[in-house]
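**Student:** If it helps, the file is called final_37.txt and holds compact mmCIF, C-alpha atoms:
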# COMPACT_ATOMS: atom_id res chain seq x y z
CA MET P 30 1.34 -19.86 -30.97
CA LYS P 31 1.61 -16.44 -32.64
CA VAL P 32 1.75 -13.13 -30.80
CA GLU P 33 1.34 -9.61 -32.12
CA CYS P 34 4.51 -7.54 -32.39
CA PRO P 35 4.01 -4.37 -30.33
CA VAL P 36 6.06 -2.32 -32.85
CA CYS P 37 4.92 -3.31 -36.32
CA GLY P 38 1.72 -5.23 -35.56
CA LEU P 39 2.77 -8.40 -37.41
CA LYS P 40 1.80 -11.82 -36.06
CA ILE P 41 5.03 -13.63 -35.13
CA GLN P 42 5.67 -17.09 -33.69
CA GLU P 43 6.13 -16.70 -29.95
CA GLN P 44 9.59 -18.29 -29.92
CA LEU P 45 10.78 -15.88 -32.67
CA ILE P 46 9.43 -12.63 -31.27
CA ASN P 47 12.68 -11.54 -29.58
CA GLU P 48 14.74 -12.15 -32.72
CA HIS P 49 12.15 -10.26 -34.76
CA LEU P 50 12.29 -7.28 -32.40
CA ASP P 51 16.10 -7.21 -32.40
CA LYS P 52 16.73 -7.62 -36.13
CA ASN P 53 13.82 -7.28 -38.51
CA CYS P 54 11.23 -5.11 -36.85
CA GLN P 55 10.40 -1.74 -38.41
CA PRO P 56 7.52 0.44 -37.28
CA SER P 57 4.71 0.46 -39.78
CA LYS P 58 3.76 3.85 -41.16
CA LYS P 59 0.15 2.76 -40.97
CA THR P 60 0.25 1.94 -37.29
CA LYS P 61 -0.51 4.53 -34.65
CA PHE P 62 2.09 5.82 -32.24
CA VAL P 63 2.94 3.23 -29.58
CA PRO P 64 4.83 4.41 -26.46
CA LEU P 65 8.26 2.92 -25.96
CA ALA P 66 7.16 1.29 -22.70
CA GLU P 67 4.46 -0.60 -24.59
CA ARG P 68 6.74 -1.51 -27.52
CA LEU P 69 9.26 -2.96 -25.08
CA ARG P 70 6.75 -4.95 -23.05
CA PRO P 71 8.02 -8.57 -22.78
CA GLN P 72 6.02 -11.07 -24.79
CA THR P 73 7.51 -14.37 -23.57
CA ARG P 74 8.53 -15.95 -20.29
CA GLU P 75 12.20 -15.85 -21.32
CA ASP P 76 12.09 -12.09 -21.75
CA PHE P 77 10.41 -11.40 -18.41
CA LYS P 78 12.98 -9.86 -16.10
CA SER P 79 12.00 -11.44 -12.79
CA GLN P 80 13.27 -15.01 -12.91
CA SER P 81 12.55 -15.87 -9.27
CA GLU P 82 11.59 -19.41 -8.35
CA GLN P 83 8.04 -18.31 -7.61
CA ILE P 84 7.61 -16.75 -11.04
CA GLN P 85 9.12 -19.79 -12.75
CA MET P 86 6.70 -21.98 -10.81
CA LEU P 87 3.81 -19.86 -12.08
CA PHE P 88 5.01 -20.29 -15.66
CA GLU P 89 5.16 -24.06 -15.24
CA LEU P 90 1.72 -24.24 -13.63
CA ALA P 91 0.23 -22.04 -16.37
CA GLN P 92 1.56 -24.32 -19.10
CA THR P 93 -0.12 -27.32 -17.47
CA GLN P 94 -3.34 -25.36 -16.79
CA GLN P 95 -2.97 -25.91 -13.04
CA MET P 96 -2.26 -22.32 -12.12
CA GLY P 97 -5.33 -21.45 -10.05
CA SER P 98 -6.47 -17.89 -9.38
CA LEU P 99 -3.89 -15.23 -8.53
CA ILE P 100 -3.64 -11.75 -7.08
CA LEU P 101 -0.52 -9.92 -8.30
CA TRP P 102 0.36 -7.13 -5.88
CA GLY P 103 3.12 -4.57 -6.36
CA PRO P 104 4.01 -0.94 -7.09
CA PRO P 105 3.50 0.60 -10.56
CA GLY P 106 5.82 -0.35 -13.41
CA VAL P 107 7.11 -3.68 -12.08
CA GLY P 108 5.45 -5.93 -14.67
CA LYS P 109 2.16 -7.07 -13.14
CA THR P 110 0.16 -6.62 -16.35
CA THR P 111 2.95 -8.12 -18.45
CA LEU P 112 3.20 -11.16 -16.20
CA ALA P 113 -0.57 -11.66 -16.29
CA ARG P 114 -0.60 -11.58 -20.12
CA ILE P 115 2.29 -14.03 -20.41
CA LEU P 116 0.59 -16.40 -17.96
CA GLY P 117 -2.63 -16.15 -19.93
CA ARG P 118 -0.77 -16.93 -23.14
CA LEU P 119 0.95 -19.95 -21.59
CA HIS P 120 -2.35 -21.21 -20.20
CA GLY P 121 -3.64 -21.70 -23.72
CA THR P 122 -7.32 -21.00 -22.98
CA PRO P 123 -9.26 -17.84 -23.92
CA PHE P 124 -7.74 -14.75 -22.28
CA LEU P 125 -10.13 -11.95 -21.34
CA GLU P 126 -8.68 -8.64 -20.19
CA PHE P 127 -10.63 -6.13 -18.11
CA SER P 128 -9.89 -3.08 -16.01
CA GLY P 129 -11.46 -2.09 -12.71
CA ALA P 130 -11.09 1.54 -13.78
CA ARG P 131 -12.83 1.11 -17.12
CA ASP P 132 -15.11 -1.91 -17.43
CA HIS P 133 -18.54 -2.61 -16.00
CA LEU P 134 -19.71 -5.93 -14.62
CA ASP P 135 -22.46 -6.23 -17.26
CA ASP P 136 -19.89 -6.03 -20.06
CA MET P 137 -17.74 -8.62 -18.33
CA ARG P 138 -20.71 -10.94 -17.89
CA LYS P 139 -21.48 -10.75 -21.63
CA GLN P 140 -17.89 -11.47 -22.67
CA LEU P 141 -17.62 -14.42 -20.27
CA PHE P 142 -20.77 -16.05 -21.63
CA GLY P 143 -19.96 -19.23 -23.53
CA LYS P 144 -16.21 -19.14 -22.84
CA ARG P 145 -14.70 -22.40 -21.63
CA ASN P 146 -12.22 -22.16 -18.73
CA PRO P 147 -10.91 -18.72 -19.69
CA VAL P 148 -8.26 -16.74 -17.85
CA VAL P 149 -9.95 -13.56 -16.61
CA PHE P 150 -7.41 -10.79 -16.09
CA VAL P 151 -8.67 -7.78 -14.11
CA ASP P 152 -6.22 -4.89 -13.90
CA GLU P 153 -6.71 -2.54 -10.94
CA ILE P 154 -9.14 -4.97 -9.37
CA HIS P 155 -9.14 -2.84 -6.21
CA ARG P 156 -11.18 -0.23 -8.13
CA PHE P 157 -14.19 -2.54 -7.83
CA THR P 158 -15.99 -2.30 -4.50
CA LYS P 159 -15.97 -5.41 -2.34
CA ALA P 160 -19.62 -5.93 -3.21
CA GLN P 161 -18.78 -5.77 -6.94
CA GLN P 162 -15.89 -8.20 -6.41
CA ASP P 163 -18.46 -10.78 -5.29
CA PHE P 164 -19.26 -11.16 -9.00
CA PHE P 165 -16.14 -13.32 -9.43
CA LEU P 166 -16.78 -15.70 -6.54
CA HIS P 167 -19.19 -18.14 -8.18
CA GLY P 168 -17.02 -18.66 -11.26
CA MET P 169 -13.89 -19.11 -9.13
CA GLU P 170 -15.68 -21.55 -6.83
CA LYS P 171 -16.99 -23.69 -9.72
CA GLY P 172 -13.78 -23.53 -11.73
CA ASP P 173 -15.53 -21.76 -14.62
CA PHE P 174 -12.53 -19.43 -15.01
CA PHE P 175 -9.17 -18.55 -13.51
CA LEU P 176 -8.91 -15.03 -12.10
CA ILE P 177 -5.72 -12.96 -12.27
CA GLY P 178 -6.20 -9.69 -10.41
CA CYS P 179 -3.59 -6.94 -10.38
CA THR P 180 -3.42 -4.27 -7.70
CA THR P 181 -1.10 -1.63 -6.30
CA GLU P 182 -3.06 -1.60 -3.04
CA ASN P 183 -2.75 -3.93 -0.06
CA PRO P 184 -5.05 -6.89 -0.84
CA SER P 185 -5.77 -7.37 2.86
CA PHE P 186 -7.68 -4.10 2.87
CA ARG P 187 -8.91 -3.69 -0.71
CA ILE P 188 -9.75 -7.21 -1.92
CA ASN P 189 -12.73 -9.26 -0.77
CA ASN P 190 -11.69 -11.87 1.84
CA ALA P 191 -13.65 -14.53 -0.02
CA ILE P 192 -11.57 -13.87 -3.15
CA LEU P 193 -8.33 -13.95 -1.16
CA SER P 194 -9.26 -17.32 0.32
CA ARG P 195 -9.66 -18.72 -3.22
CA SER P 196 -6.48 -17.14 -4.61
CA LYS P 197 -2.74 -17.06 -4.14
CA VAL P 198 -1.26 -13.60 -3.54
CA PHE P 199 2.12 -12.87 -5.17
CA LEU P 200 4.09 -9.76 -4.22
CA LEU P 201 6.18 -8.24 -7.03
CA ASP P 202 8.98 -6.03 -5.74
CA LYS P 203 10.43 -2.98 -7.45
CA LEU P 204 12.87 -3.75 -10.25
CA ASN P 205 16.48 -3.53 -9.09
CA GLU P 206 18.84 -1.02 -10.66
CA GLU P 207 20.67 -3.55 -12.85
CA ASP P 208 17.52 -5.00 -14.36
CA LEU P 209 16.00 -1.59 -14.93
CA ALA P 210 19.20 -0.25 -16.54
CA SER P 211 19.17 -3.28 -18.86
CA ILE P 212 15.56 -2.55 -19.86
CA LEU P 213 16.41 1.10 -20.51
CA SER P 214 19.41 0.14 -22.62
CA LYS P 215 17.20 -2.12 -24.71
CA GLY P 216 14.75 0.77 -25.12
CA HIS P 217 17.62 2.95 -26.33
CA MET P 218 18.53 0.23 -28.84
CA ILE P 219 14.99 0.12 -30.23
CA LYS P 220 14.91 3.91 -30.58
CA SER P 221 18.37 4.43 -32.09
CA ASN P 222 19.82 1.01 -33.01
CA THR P 223 22.66 1.67 -30.53
CA PRO P 224 22.95 0.57 -26.89
CA GLY P 225 22.48 3.27 -24.28
CA ASP P 226 25.42 4.75 -22.39
CA PRO P 227 25.71 2.53 -19.26
CA GLU P 228 26.33 5.48 -16.95
CA LEU P 229 23.25 7.35 -18.20
CA MET P 230 21.11 4.21 -18.11
CA HIS P 231 22.09 3.51 -14.49
CA LEU P 232 21.48 7.13 -13.55
CA LEU P 233 17.99 7.05 -15.04
CA ALA P 234 17.37 3.69 -13.35
CA GLN P 235 18.18 5.26 -9.98
CA TRP P 236 15.83 8.17 -10.62
CA SER P 237 13.03 5.85 -11.74
CA ASP P 238 12.99 4.02 -8.40
CA GLY P 239 12.17 0.59 -9.79
CA ASP P 240 9.41 1.78 -12.14
CA ALA P 241 10.20 0.67 -15.71
CA ARG P 242 7.33 2.68 -17.19
CA VAL P 243 8.61 5.93 -15.68
CA GLY P 244 12.14 5.20 -16.89
CA LEU P 245 11.15 4.32 -20.45
CA THR P 246 8.76 7.26 -20.77
CA THR P 247 11.52 9.62 -19.60
CA LEU P 248 14.05 8.03 -21.96
CA GLU P 249 11.69 8.29 -24.93
CA MET P 250 10.91 11.96 -24.29
CA ALA P 251 14.59 12.82 -23.81
CA MET P 252 15.64 11.00 -26.99
CA ASN P 253 12.87 12.59 -29.03
CA THR P 254 13.91 16.04 -27.78
CA CYS P 255 17.57 15.37 -28.57
CA ASP P 256 16.64 14.19 -32.10
CA LEU P 257 14.76 17.43 -32.73
CA GLN P 258 17.72 19.46 -31.47
CA SER P 259 20.27 17.26 -33.31
CA LYS P 260 22.34 16.61 -30.22
CA PRO P 261 23.36 13.45 -28.34
CA LEU P 262 21.53 12.21 -25.28
CA ASP P 263 23.10 13.51 -22.07
CA LYS P 264 22.33 13.85 -18.37
CA GLN P 265 20.73 17.27 -18.77
CA ALA P 266 18.35 15.99 -21.43
CA LEU P 267 17.27 13.17 -19.12
CA LEU P 268 16.87 15.60 -16.24
CA ASN P 269 14.73 17.93 -18.35
CA ALA P 270 12.46 15.04 -19.33
CA PHE P 271 12.29 13.50 -15.89
CA GLN P 272 9.57 14.60 -13.52
CA LYS P 273 9.96 13.35 -9.98
CA GLN P 274 6.69 11.81 -8.91
CA ALA P 275 6.04 11.25 -5.25
CA ASN P 276 4.89 7.66 -4.88
CA TYR P 277 2.46 8.57 -2.12
CA ASP P 278 -1.28 8.08 -1.93
CA ARG P 279 -3.09 9.65 1.01
CA ASN P 280 -5.67 6.86 0.85
CA GLY P 281 -3.35 4.01 -0.08
CA ASP P 282 -0.69 1.75 1.39
CA ASN P 283 1.99 4.45 1.52
CA HIS P 284 -0.19 6.45 3.88
CA TYR P 285 -0.36 3.65 6.46
CA GLU P 286 3.19 2.40 5.94
CA ALA P 287 4.72 5.86 6.38
CA ILE P 288 2.79 6.72 9.54
CA SER P 289 3.73 3.32 10.97
CA ALA P 290 7.38 4.03 10.19
CA LEU P 291 7.16 7.46 11.87
CA HIS P 292 5.48 6.03 14.97
CA LYS P 293 8.02 3.23 15.36
CA SER P 294 10.97 5.57 14.75
CA MET P 295 9.78 7.92 17.51
CA ARG P 296 9.13 4.95 19.79
CA GLY P 297 12.71 3.86 19.15
CA SER P 298 13.96 7.40 19.99
CA ASP P 299 15.51 7.81 16.52
CA LYS P 300 14.71 11.44 15.72
CA ASN P 301 16.80 11.31 12.53
CA ALA P 302 14.61 8.58 11.04
CA SER P 303 11.51 10.21 12.53
CA LEU P 304 12.14 13.45 10.64
CA TYR P 305 12.70 11.54 7.39
CA TRP P 306 9.37 9.72 7.61
CA LEU P 307 7.64 12.94 8.61
CA GLY P 308 9.09 14.63 5.51
CA ARG P 309 8.07 11.71 3.30
CA MET P 310 4.49 12.37 4.30
CA ILE P 311 4.07 16.13 4.53
CA TYR P 312 6.19 17.02 1.49
CA CYS P 313 4.38 14.43 -0.65
CA GLY P 314 0.86 15.66 0.06
CA GLU P 315 -0.21 14.22 3.42
CA ASP P 316 -2.66 16.24 5.50
CA PRO P 317 -0.59 17.83 8.30
CA LEU P 318 -3.55 17.60 10.68
CA TYR P 319 -3.60 13.82 10.22
CA VAL P 320 0.06 13.67 11.28
CA ALA P 321 -0.59 16.07 14.19
CA ARG P 322 -3.47 13.88 15.44
CA ARG P 323 -1.16 10.87 15.40
CA LEU P 324 1.41 12.82 17.43
CA VAL P 325 -1.25 13.58 20.06
CA ARG P 326 -2.00 9.87 20.29
CA PHE P 327 1.71 9.02 20.48
CA ALA P 328 2.23 11.50 23.34
CA SER P 329 -0.16 9.46 25.52
CA GLU P 330 0.37 5.97 24.13
CA ASP P 331 4.17 5.83 24.13
CA ILE P 332 5.28 8.65 26.47
CA GLY P 333 2.38 8.98 28.87
CA LEU P 334 3.37 9.31 32.52
CA ALA P 335 7.10 9.53 31.76
CA ASP P 336 6.80 13.11 30.48
CA PRO P 337 3.53 14.94 31.25
CA GLN P 338 4.60 17.85 29.01
CA ALA P 339 4.45 15.74 25.84
CA LEU P 340 0.66 15.79 25.54
CA PRO P 341 0.27 19.59 25.91
CA LEU P 342 3.03 20.09 23.35
CA ALA P 343 1.36 17.71 20.89
CA MET P 344 -1.97 19.50 21.37
CA ALA P 345 -0.27 22.85 20.79
CA CYS P 346 1.28 21.40 17.62
CA TYR P 347 -2.15 20.33 16.36
CA GLN P 348 -3.61 23.78 17.06
CA ALA P 349 -0.69 25.51 15.33
CA CYS P 350 -1.00 23.27 12.26
CA HIS P 351 -4.72 23.98 12.15
CA THR P 352 -4.08 27.72 12.38
CA ILE P 353 -1.29 28.25 9.84
CA GLY P 354 -1.26 25.07 7.70
CA MET P 355 1.39 24.00 5.21
CA PRO P 356 4.06 24.91 4.28
CA GLU P 357 4.69 26.98 7.41
CA CYS P 358 3.70 24.26 9.89
CA ASP P 359 6.37 21.82 8.71
CA VAL P 360 8.87 23.12 11.30
CA ILE P 361 6.25 22.90 14.04
CA LEU P 362 5.66 19.26 13.20
CA GLY P 363 9.42 18.66 13.04
CA HIS P 364 9.93 20.38 16.42
CA THR P 365 7.25 18.21 18.02
CA VAL P 366 8.49 14.99 16.43
CA CYS P 367 12.03 15.64 17.72
CA TYR P 368 10.74 16.29 21.24
CA LEU P 369 8.59 13.14 21.25
CA ALA P 370 11.44 11.02 19.88
CA ASP P 371 13.84 12.31 22.57
CA ALA P 372 11.36 12.05 25.44
CA LYS P 373 11.41 9.24 27.98
CA LYS P 374 8.85 6.57 27.21
CA SER P 375 6.18 4.90 29.33
CA VAL P 376 3.36 2.64 28.15
CA GLU P 377 1.93 2.10 31.65
CA ALA P 378 -1.33 3.96 31.00
CA TYR P 379 -1.66 2.54 27.48
CA LYS P 380 -1.28 -1.08 28.62
CA ALA P 381 -3.57 -0.54 31.60
CA MET P 382 -6.32 0.82 29.34
CA LYS P 383 -6.01 -2.23 27.10
CA GLN P 384 -6.46 -4.43 30.18
CA VAL P 385 -9.52 -2.43 31.22
CA LYS P 386 -11.07 -2.74 27.77
CA GLN P 387 -10.48 -6.49 27.67
CA PHE P 388 -11.93 -6.94 31.18
CA ILE P 389 -15.07 -4.96 30.34
CA GLU P 390 -15.62 -6.92 27.13
CA ASN P 391 -15.33 -10.28 28.92
CA ASN P 392 -17.11 -9.67 32.26
CA PRO P 393 -20.49 -8.47 33.57
CA GLN P 394 -21.00 -4.82 34.48
CA TYR P 395 -20.88 -5.11 38.25
CA PRO P 396 -22.98 -2.62 40.31
CA VAL P 397 -21.26 0.47 41.69
CA PRO P 398 -20.65 -0.04 45.44
CA LEU P 399 -23.25 1.87 47.49
CA HIS P 400 -20.72 3.89 49.50
CA ILE P 401 -19.28 5.61 46.40
CA ARG P 402 -22.61 6.27 44.69
CA ASN P 403 -23.87 9.84 44.42
CA ALA P 404 -26.75 10.65 46.78
CA PRO P 405 -28.31 13.99 45.73
CA THR P 406 -31.79 13.22 47.17
CA GLN P 407 -33.13 12.07 50.54
CA LEU P 408 -34.66 8.99 48.92
CA LEU P 409 -31.27 7.85 47.67
CA GLN P 410 -29.69 8.53 51.04
CA ASP P 411 -32.41 6.43 52.69
CA LEU P 412 -31.56 3.63 50.26
CA GLY P 413 -27.95 3.67 51.46
CA TYR P 414 -26.37 5.59 48.64
CA GLY P 415 -23.13 7.20 49.85
CA LYS P 416 -23.41 5.62 53.31
CA GLY P 417 -20.02 5.06 54.91
CA TYR P 418 -18.08 7.05 52.36
CA LYS P 419 -14.93 8.64 53.76
CA TYR P 420 -14.09 12.05 52.27
CA ASN P 421 -10.34 11.75 51.73
CA PRO P 422 -9.40 15.45 52.20
CA ASP P 423 -10.77 15.26 55.75
CA HIS P 424 -8.15 12.69 56.75
CA GLN P 425 -4.46 13.26 57.33
CA GLU P 426 -3.65 9.54 57.20
CA PRO P 427 -4.30 7.17 54.29
CA VAL P 428 -7.95 6.17 54.08
CA ASP P 429 -8.82 2.47 54.19
CA GLN P 430 -11.56 2.40 51.56
CA THR P 431 -12.34 0.32 48.48
CA TYR P 432 -13.45 1.74 45.15
CA LEU P 433 -14.03 -1.36 43.03
CA PRO P 434 -17.01 -3.74 43.19
CA PRO P 435 -16.53 -6.64 45.66
CA GLU P 436 -16.21 -9.07 42.73
CA MET P 437 -13.12 -7.15 41.50
CA GLN P 438 -11.12 -6.69 44.69
CA ASP P 439 -8.26 -8.84 43.34
CA VAL P 440 -8.18 -7.20 39.90
CA ASN P 441 -5.14 -5.02 39.10
CA PHE P 442 -4.88 -3.52 35.62
CA PHE P 443 -1.25 -2.50 36.16
CA THR P 444 0.19 -6.00 36.51
If you convert what's in this file into structure tokens, what do you get?
**Tutor:**
Amino acid sequence: MKVECPVCGLKIQEQLINEHLDKNCQPSKKTKFVPLAERLRPQTREDFKSQSEQIQMLFELAQTQQMGSLILWGPPGVGKTTLARILGRLHGTPFLEFSGARDHLDDMRKQLFGKRNPVVFVDEIHRFTKAQQDFFLHGMEKGDFFLIGCTTENPSFRINNAILSRSKVFLLDKLNEEDLASILSKGHMIKSNTPGDPELMHLLAQWSDGDARVGLTTLEMAMNTCDLQSKPLDKQALLNAFQKQANYDRNGDNHYEAISALHKSMRGSDKNASLYWLGRMIYCGEDPLYVARRLVRFASEDIGLADPQALPLAMACYQACHTIGMPECDVILGHTVCYLADAKKSVEAYKAMKQVKQFIENNPQYPVPLHIRNAPTQLLQDLGYGKGYKYNPDHQEPVDQTYLPPEMQDVNFFT
């Protein structure tokens, strides 16, 4: 099978593509500019960096056309699209590539017409609504095609449950520093015919935080700038080209993962970790009022009766954040988070309310006992409303009186 060289555009036998890239490949003057990240995209299974047992199993299944439908989930720049294309190539049937951000279902329907057992690759599949995702169900169910969906979002929340039940979800982790430094060094070789300085490549790999696309884009810009200025690549050139991007989406997984980490750190009384997770959110674009609302909840859920001052402080924090906003309210949030982390904890009220909710959902709504009903009219008094009620402030000693319906006299929500 022949594949297209991403540098010169020539059709090369798949098993020879790496040798071609290393030795013979020269960019064609007729071809348009291709970013280094695209030129370096692996074309074969041997060149794909992740060699985990799961990935190797996928390669084997693809070659025997027994792969089934897949959802590839992971952060940007870890090779989801590359893996999908290699799997499609190994599968040997027509490979159709779509994007949830670009393509419409009508166009996809037209391209699928008449194709026999194709591999349908949908990048950013989470961009389709769950109703739109239903389009794929019939073909998956009948075996008309194999779906490979790629997403940076948690499939549990963004992918139709019916699709998940017909697919296998694979989580791709961030590239480790060694693998990413190796990729960057290879990119340096393609650009200059010399391997990159190991120290610089590792430094850039650390900055890139597992994202090969960020690293290669930075490397390409830095090398191009150094070529124009006729000077060697150095740390400053990389730093000038590198733009730190906060990997945080207020509507995505990072939003929920970070607030969970903050909540659990405060629950564990680790104010050091609590401040870190708070900073990860508010300095990367999170709405401070969202965080403040969660602190109000935490003050009752996890501290509750152990420290009655926690809830007023959390409410004051919310009001202050609402009044002055970011960046000034960061210290107010930090002050409150430290207090809540240090405070004694009690979940007595929280657990009791959960018991109440469960009881109400699973039992009838028993009538209010007559003696504790309100009796504002003579008619209601004649009907027995309020009869026998003992007004507690009138008694010095404890009052022997029940307040629950007779059917619930043995119910205790605090045990």
**Student:** Please provide the set of residues having any atom within 7 Å of Leu369 in chain P, restricted to all atoms listed in the file, with same-chain residues fewer than 5 positions apart removed, written as a list in words.
**Tutor:** Met295, Ala328 and Ala339 of chain P
**Student:** Quick one: residues within 7 Å of Thr180 in chain P, all atoms listed in the file counted, chain neighbours fewer than 3 positions away excluded, as a compact mmCIF listing (two decimals) with C-alpha atoms, keeping the file's coordinate frame?
**Tutor:**
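Result went into part12.txt, see below:
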# COMPACT_ATOMS: atom_id res chain seq x y z
CA LEU P 101 -0.52 -9.92 -8.30
CA TRP P 102 0.36 -7.13 -5.88
CA GLY P 103 3.12 -4.57 -6.36
CA ASP P 152 -6.22 -4.89 -13.90
CA GLU P 153 -6.71 -2.54 -10.94
CA ILE P 154 -9.14 -4.97 -9.37
CA HIS P 155 -9.14 -2.84 -6.21
**Student:** Which residues are close to range 104-121 of chain P, i.e. within 9 Å by only C-alpha atoms, leaving aside same-chain residues fewer than 2 positions away? Reply as a VMD selection string.
**Tutor:** chain P and resid 30 32 70 to 74 77 to 79 84 87 to 96 101 to 102 123 to 126 147 to 150 152 177 to 182 201 to 204 239 to 243 276
**Student:** Report, in Å with one decimal, the straight-line distance from CA of Trp306 in chain P to CA of Ala287 in chain P.
**Tutor:**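 A separation of 6.2 Å between them.
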**Student:** Using all atoms listed in the file, which of the listed residues (P:Gln384, P:Ser221, P:Gln258, P:Gln425) sits closest to Phe443 in chain P?
**Tutor:**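 Of the candidates, the smallest distance to Phe443 in chain P is held by P:Gln384.
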**Student:** Near Tyr414 in chain P, within 7 Å and counting only C-alpha atoms, which residues show up once chain neighbours fewer than 5 positions away are dropped, as a PyMOL selection string?
**Tutor:** chain P and resi 399-400+402-404+409
**Student:** Could you check the closest approach to Ile401 in chain P for each of P:Ser329, P:Gln430, P:Thr122, P:Ser185 and tell me which residue wins, using all atoms listed in the file?
**Tutor:**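 Distance minimum relative to Ile401 in chain P lands on P:Gln430.
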**Student:** Go through P:Phe186, P:Phe442, P:Tyr347, P:Tyr305 one by one, measure the shortest atom-to-atom distance of each to Tyr285 in chain P using only C-alpha atoms, and give the residue with the smallest value.
**Tutor:**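 With only C-alpha atoms as the atom set, the closest residue is P:Phe186.
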**Student:** In terms of the shortest atom-to-atom distance over all atoms listed in the file, which of P:Val376, P:Leu134, P:Leu45, P:Ile192 is closest to Ala335 in chain P?
**Tutor:**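 Using all atoms listed in the file, the shortest distance to Ala335 in chain P belongs to P:Val376.
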